[in-house]
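Colleague: To be precise about what I am sending: the file is called structure15.txt and holds compact mmCIF, C-alpha atoms.
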```
# COMPACT_ATOMS: atom_id res chain seq x y z
CA MET A 1 -25.78 21.69 -33.43
CA ARG A 2 -27.47 20.36 -30.29
CA PHE A 3 -25.40 18.37 -27.82
CA HIS A 4 -27.17 15.34 -26.40
CA PHE A 5 -25.81 13.63 -23.31
CA ARG A 6 -27.45 10.55 -21.93
CA LYS A 7 -26.30 7.66 -19.81
CA SER A 8 -28.12 4.64 -18.46
CA ILE A 9 -26.51 2.67 -15.60
CA LYS A 10 -27.76 -0.71 -14.42
CA LEU A 11 -28.04 -0.60 -10.63
CA PHE A 12 -29.83 -3.86 -9.92
CA PRO A 13 -31.65 -6.44 -12.08
CA GLY A 14 -34.44 -4.47 -13.75
CA VAL A 15 -33.43 -1.17 -12.08
CA ARG A 16 -31.50 1.51 -13.98
CA LEU A 17 -30.29 5.03 -13.21
CA ASN A 18 -30.80 7.24 -16.28
CA MET A 19 -29.25 10.64 -16.87
CA ASN A 20 -29.28 13.28 -19.57
CA GLN A 21 -28.47 16.98 -19.66
CA LYS A 22 -31.86 17.91 -18.23
CA SER A 23 -32.89 15.20 -15.84
CA ILE A 24 -32.10 12.14 -13.80
CA SER A 25 -34.57 9.27 -13.54
CA ILE A 26 -34.88 5.79 -12.16
CA SER A 27 -36.67 3.10 -14.15
CA VAL A 28 -37.88 -0.31 -13.09
CA GLY A 29 -38.81 -2.18 -16.25
CA THR A 30 -41.18 0.04 -18.22
CA LYS A 31 -41.93 2.03 -15.06
CA GLY A 32 -40.26 5.33 -14.49
CA PHE A 33 -39.85 7.87 -11.73
CA ARG A 34 -38.45 11.04 -13.24
CA PHE A 35 -36.82 13.85 -11.32
CA SER A 36 -36.41 16.88 -13.58
CA GLN A 37 -33.37 18.80 -12.55
CA ARG A 38 -30.83 20.54 -14.76
CA ILE A 39 -27.45 19.11 -13.95
CA TYR A 40 -24.93 21.38 -12.27
CA LYS A 41 -21.48 20.28 -11.14
CA GLY A 42 -22.14 20.84 -7.45
CA SER A 43 -25.34 18.76 -7.40
CA VAL A 44 -24.34 15.63 -9.32
CA LEU A 45 -22.97 13.63 -6.37
CA LEU A 46 -25.86 14.58 -4.13
CA LEU A 47 -28.43 13.62 -6.77
CA LEU A 48 -26.66 10.34 -7.45
CA PHE A 49 -26.66 9.51 -3.75
CA ILE A 50 -30.37 10.31 -3.42
CA PHE A 51 -31.37 8.23 -6.40
CA LEU A 52 -29.19 5.31 -5.46
CA ALA A 53 -30.90 5.28 -2.09
CA ILE A 54 -34.35 5.44 -3.70
CA ALA A 55 -33.44 2.67 -6.16
CA ALA A 56 -32.33 0.40 -3.31
CA LEU A 57 -35.54 1.13 -1.41
CA LEU A 58 -37.73 0.41 -4.43
CA ALA A 59 -35.86 -2.77 -5.31
CA ARG A 60 -36.41 -4.19 -1.82
CA ASN A 61 -39.99 -3.00 -1.34
CA PRO A 62 -42.22 -3.87 -4.32
CA GLY A 63 -45.26 -2.29 -2.70
CA ILE A 64 -43.64 1.15 -2.70
CA LYS A 65 -43.08 1.01 -6.46
CA GLU A 66 -46.79 1.33 -7.16
CA ILE A 67 -46.80 4.75 -5.51
CA PHE A 68 -44.26 6.17 -7.92
CA PHE A 69 -44.63 4.18 -11.11
CA THR A 70 -47.15 3.66 -13.88
CA ASN A 71 -47.46 0.37 -15.70
CA ALA A 72 -46.88 -0.58 -19.33
CA GLU A 73 -46.97 -4.08 -20.71
CA SER A 74 -43.71 -5.75 -21.66
CA VAL A 75 -42.64 -6.03 -25.27
CA VAL A 76 -44.01 -9.11 -26.98
CA ASN A 77 -41.19 -9.68 -29.44
CA ASP A 78 -37.61 -9.33 -28.23
CA SER A 79 -35.96 -9.58 -31.66
CA LEU A 80 -34.52 -6.49 -33.32
CA GLU A 81 -34.53 -5.91 -37.08
CA GLN A 82 -31.75 -3.64 -38.33
CA ALA A 83 -32.75 -1.62 -41.36
CA THR A 84 -31.70 1.36 -43.47
CA VAL A 85 -34.12 4.20 -44.21
CA ILE A 86 -34.83 4.47 -47.95
CA LYS A 87 -37.68 7.00 -47.97
CA VAL A 88 -40.02 8.94 -45.70
CA SER A 89 -43.60 9.03 -47.00
CA ASP A 90 -45.16 11.06 -44.20
CA GLY A 91 -44.90 11.59 -40.47
CA ASP A 92 -45.64 7.99 -39.49
CA THR A 93 -44.76 5.97 -42.60
CA ILE A 94 -41.31 5.17 -43.96
CA THR A 95 -39.68 2.76 -46.41
CA VAL A 96 -36.68 0.70 -45.29
CA ARG A 97 -34.33 -2.00 -46.50
CA ILE A 98 -33.91 -4.64 -43.79
CA THR A 99 -30.31 -5.75 -43.42
CA GLY A 100 -29.70 -8.96 -45.34
CA GLU A 101 -32.75 -8.54 -47.59
CA ASN A 102 -32.97 -7.26 -51.16
CA GLU A 103 -36.46 -5.79 -51.10
CA ASP A 104 -37.58 -2.39 -49.82
CA LYS A 105 -40.49 -2.51 -47.40
CA LYS A 106 -42.94 0.14 -46.25
CA VAL A 107 -43.26 0.53 -42.48
CA ARG A 108 -46.15 2.03 -40.51
CA LEU A 109 -45.14 3.24 -37.04
CA ILE A 110 -47.60 1.69 -34.62
CA GLY A 111 -49.25 3.31 -31.61
CA VAL A 112 -49.08 6.80 -33.11
CA ASP A 113 -50.90 8.83 -35.74
CA THR A 114 -49.71 12.02 -37.45
CA PRO A 115 -51.88 14.40 -39.49
CA GLU A 116 -52.29 13.46 -43.16
CA SER A 117 -50.02 14.88 -45.86
CA VAL A 118 -50.12 12.36 -48.75
CA HIS A 119 -53.64 10.93 -48.52
CA PRO A 120 -55.26 10.08 -51.90
CA ASN A 121 -58.15 12.31 -50.85
CA SER A 122 -56.31 15.63 -50.95
CA SER A 123 -58.99 17.32 -48.81
CA ARG A 124 -57.65 15.33 -45.83
CA ASN A 125 -54.10 16.61 -46.23
CA THR A 126 -53.12 19.55 -44.02
CA ALA A 127 -50.25 21.91 -43.38
CA PHE A 128 -49.85 20.20 -40.01
CA GLY A 129 -49.36 16.92 -41.83
CA GLU A 130 -46.59 18.51 -43.88
CA MET A 131 -44.94 19.72 -40.69
CA ALA A 132 -45.05 16.24 -39.17
CA SER A 133 -43.68 14.79 -42.40
CA ASP A 134 -40.85 17.34 -42.49
CA TYR A 135 -39.97 16.49 -38.89
CA THR A 136 -39.68 12.80 -39.68
CA LYS A 137 -37.64 13.54 -42.81
CA GLU A 138 -35.25 15.55 -40.65
CA ARG A 139 -34.96 12.89 -37.97
CA LEU A 140 -34.96 9.80 -40.21
CA GLY A 141 -32.69 10.75 -43.07
CA VAL A 142 -32.17 8.53 -46.11
CA GLY A 143 -29.39 6.07 -45.34
CA GLN A 144 -29.89 6.20 -41.59
CA VAL A 145 -29.70 2.89 -39.75
CA VAL A 146 -32.65 2.14 -37.46
CA TYR A 147 -33.79 -0.84 -35.40
CA MET A 148 -37.31 -2.20 -35.46
CA THR A 149 -39.44 -4.35 -33.19
CA LYS A 150 -42.96 -5.59 -33.72
CA ASP A 151 -45.85 -6.11 -31.35
CA LYS A 152 -48.33 -8.88 -32.14
CA SER A 153 -49.09 -8.14 -35.81
CA ASP A 154 -46.52 -8.29 -38.59
CA THR A 155 -48.33 -6.31 -41.30
CA ASP A 156 -51.51 -4.30 -41.82
CA ARG A 157 -54.15 -4.78 -44.50
CA TYR A 158 -52.06 -2.72 -46.91
CA GLY A 159 -49.05 -5.00 -46.51
CA ARG A 160 -47.03 -2.48 -44.52
CA LEU A 161 -44.82 -3.72 -41.70
CA LEU A 162 -46.14 -2.63 -38.30
CA ARG A 163 -43.19 -1.63 -36.15
CA PHE A 164 -41.73 0.34 -33.28
CA VAL A 165 -38.71 2.14 -34.74
CA TRP A 166 -35.64 2.76 -32.59
CA LEU A 167 -33.01 5.40 -33.39
CA GLU A 168 -30.50 3.49 -31.30
CA GLN A 169 -30.34 -0.16 -30.38
CA PRO A 170 -31.98 -0.51 -26.94
CA GLU A 171 -30.39 -2.56 -24.21
CA GLU A 172 -33.80 -3.21 -22.63
CA GLN A 173 -36.84 -2.75 -24.86
CA ASN A 174 -39.23 -2.30 -21.93
CA ASN A 175 -37.09 0.30 -20.14
CA HIS A 176 -39.00 3.57 -19.63
CA PHE A 177 -35.93 5.76 -20.15
CA GLU A 178 -34.81 3.94 -23.29
CA ILE A 179 -38.30 4.21 -24.79
CA ARG A 180 -38.31 7.97 -24.17
CA GLU A 181 -34.80 8.53 -25.48
CA LYS A 182 -34.40 5.99 -28.29
CA MET A 183 -37.79 5.03 -29.75
CA TYR A 184 -38.95 7.27 -32.60
CA ASN A 185 -42.64 6.45 -32.09
CA ALA A 186 -42.28 7.88 -28.58
CA GLU A 187 -40.35 10.90 -29.85
CA LEU A 188 -43.17 11.83 -32.25
CA LEU A 189 -45.53 11.93 -29.28
CA LEU A 190 -43.20 13.76 -26.90
CA GLN A 191 -42.29 16.38 -29.51
CA GLY A 192 -45.95 16.99 -30.35
CA TYR A 193 -46.10 15.71 -33.93
CA ALA A 194 -48.40 12.73 -33.34
CA VAL A 195 -51.21 11.56 -31.11
CA ALA A 196 -51.41 8.16 -29.45
CA LYS A 197 -53.71 5.77 -31.25
CA ASP A 198 -54.50 2.14 -30.47
CA TYR A 199 -54.42 -0.35 -33.30
CA SER A 200 -55.60 -3.58 -31.70
CA PRO A 201 -54.07 -6.03 -30.99
CA ASP A 202 -50.83 -4.02 -31.06
CA THR A 203 -51.30 -2.12 -27.80
CA THR A 204 -48.16 -2.94 -25.80
CA TYR A 205 -47.28 0.70 -25.09
CA SER A 206 -50.81 2.17 -25.10
CA LYS A 207 -50.76 3.51 -21.53
CA LEU A 208 -47.23 4.84 -21.83
CA PHE A 209 -47.93 6.50 -25.18
CA ALA A 210 -51.04 8.16 -23.75
CA GLU A 211 -48.85 9.61 -20.98
CA PHE A 212 -46.37 10.91 -23.57
CA GLN A 213 -49.19 12.58 -25.51
CA ASN A 214 -50.53 14.24 -22.37
CA GLU A 215 -47.05 15.46 -21.51
CA ALA A 216 -46.62 17.02 -24.96
CA GLU A 217 -50.04 18.66 -24.81
CA GLN A 218 -49.32 20.14 -21.39
CA ASN A 219 -45.97 21.45 -22.66
CA GLN A 220 -47.60 22.78 -25.83
CA ALA A 221 -44.95 20.97 -27.85
CA GLY A 222 -44.89 20.88 -31.65
CA LEU A 223 -48.32 20.95 -33.25
CA TRP A 224 -50.13 21.31 -29.92
CA LYS A 225 -48.92 24.90 -29.79
CA GLN A 226 -50.59 25.55 -33.14
CA ASP A 227 -53.85 23.68 -32.49
CA GLY A 228 -52.74 21.04 -34.96
CA PHE A 229 -54.83 18.27 -33.40
```
Show this structure as C-alpha cells.
Modeller:
Amino acid sequence: MRFHFRKSIKLFPGVRLNMNQKSISISVGTKGFRFSQRIYKGSVLLLLFIFLAIAALLARNPGIKEIFFTNAESVVNDSLEQATVIKVSDGDTITVRITGENEDKKVRLIGVDTPESVHPNSSRNTAFGEMASDYTKERLGVGQVVYMTKDKSDTDRYGRLLRFVWLEQPEEQNNHFEIREKMYNAELLLQGYAVAKDYSPDTTYSKLFAEFQNEAEQNQAGLWKQDGF
C-alpha cells in the first residue's frame, strides 16, 4: 500500500504552500512554482523558511510572479456536484449517480483523451486503451464518491455530462497544487494514460493540461514508455 502525504497551507490570500512526500511548491491561483526535493527531517525547517520568504516576495511584487509562473484561466463554474461512481466504461468515461438524484448519468472527462477500448468500430480499440481503462477502474472504483465541476458546456452531443472529476473536494478549484493532486483529469495526464485535447468551448485548463502532458512524456510515464500515443 502506498502512503500519500500532502498538505496545503494558506499563507496569504491566493497564495498557498503545498507539500507532499516528494516536493514542496508555492501556488498563486492556478500558477505554480514547484521545487522538487524529497523531504528529510533536517531540511524541512530550512525549506519552509525559504518558501515563506519567496511567497512573501511574490505576494508583494506581482511583476516577479510572471518570471516563475505559467497562466491558466480560472474555473468558470464554482459549484461542486457530489456523485458516486456506478461504472467505468473506459479511460475517460464513467457513469455516476449524482447525490440527491435517482438517475445514473454518463460522464465524459473533459480536456483529456485516452486511447479507445470500447469503440463500436473494434478496429479502433487497442491494448493501450485497455490499459487506460484498467487504470481508471483501479482509481475510480464502483461506490467511490467523487466531486465534479463543469466548464462552459453541460453535455456533449451524446448527452454525456462534460466534467472535471475530483477525487477529493478542492478548497480552491483554480489552485495549481490541488489540480495536480486532486483532479482525476489531471492525474490521467500526469500518469501518462491520456493526452490533452481541447473540446471548445471547454478550454479552461488547456495550457495547464498541455504542461502536464509534456511532463508525463518527458518522464516516460504510463503509456508514453510503451509508445502508446
Colleague: Calculated over only C-alpha atoms, which of the candidates A:Ala127, A:Val112, A:Leu80, A:Leu161 has the smallest distance to Val195 (chain A)?
Modeller: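 Closest to Val195 (chain A), using only C-alpha atoms: A:Val112.
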Colleague: Determine the nearest neighbour of Ala83 (chain A) from the options A:Val146, A:Ile54, A:Ile110, A:Met131, counting all atoms listed in the file.
Modeller: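 Of A:Val146, A:Ile54, A:Ile110, A:Met131, the one nearest Ala83 (chain A), counting all atoms listed in the file, is A:Val146.
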Colleague: Any idea what's packed within 7 Å of region 206-211 of chain A, counting all atoms listed in the file, ignoring anything in its chain fewer than 4 positions away? Could you give it as a list in words?
Modeller: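 In the requested form, the answer reads Ala72, Gly111, Ala186, Ala196, Asp198 and Glu215 of chain A.
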Colleague: Go through A:Lys152, A:Lys225, A:Arg180, A:Arg163 one by one, measure the shortest atom-to-atom distance of each to Arg108 (chain A) using only C-alpha atoms, and give the residue with the smallest value.
Modeller: A:Arg163
Colleague: Using all atoms listed in the file, pick whichever of A:Leu109, A:Leu223, A:Ala53, A:Ala216 has the shortest atom-to-atom distance to Trp166 (chain A).
Modeller: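 Under the stated criterion, the closest residue is A:Leu109.
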Colleague: Which residues, written as an NGL selection string, have at least one atom at most 12 Å from Glu168 (chain A), with all atoms listed in the file counted and residues fewer than 6 positions away on the same chain left out?
Modeller: :A and (80-83 or 140 or 144-148 or 178-184)
Colleague: Just checking: using all atoms listed in the file, which residue out of A:Gln218, A:Asn185, A:Thr93, A:Thr155 ends up closest to Ser133 (chain A)?
Modeller: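 Among the listed residues, A:Thr93 lies closest to Ser133 (chain A).
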Colleague: Quick one: distance from CA of Val85 (chain A) to CA of Pro201 (chain A) in Å, one decimal?
Modeller: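 Result for CA of Val85 (chain A) versus CA of Pro201 (chain A): 26.0 Å, one decimal.
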Colleague: Pick the closest to Gln191 (chain A) from A:Tyr158, A:Phe177, A:Phe51, A:Tyr135: which is it, counting all atoms listed in the file?
Modeller: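 Smallest distance to Gln191 (chain A) is found for A:Tyr135.
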Colleague: (-40.6, 10.4, -39.7) in this file's frame - what residues fall within 10 Å of it? Use only C-alpha atoms and give the answer as a ChimeraX atom specification.
Modeller: /A:87-94,109,114,132-141,165,184-185,187-188,193
Colleague: Edge lengths and centre, in Å to one decimal, as AutoDock Vina command-line options: that's what I need for the box along x, y and z that holds all listed atoms of region 182-197 of chain A plus 5 Å on each side.
Modeller:
```
--center_x -44.1 --center_y 11.0 --center_z -30.4 --size_x 29.3 --size_y 22.0 --size_z 17.0
```
Colleague: Could you check how far CA of Asn219 (chain A) sits from CA of Leu190 (chain A), in Å to one decimal?
Modeller: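 Between CA of Asn219 (chain A) and CA of Leu190 (chain A) the gap works out to 9.2 Å.
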Colleague: Quick one: pull the distance between CA of Gly222 (chain A) and CA of Pro115 (chain A), Å, one decimal.
Modeller: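 Atom-to-atom, CA of Gly222 (chain A) to CA of Pro115 (chain A), that is 12.3 Å.
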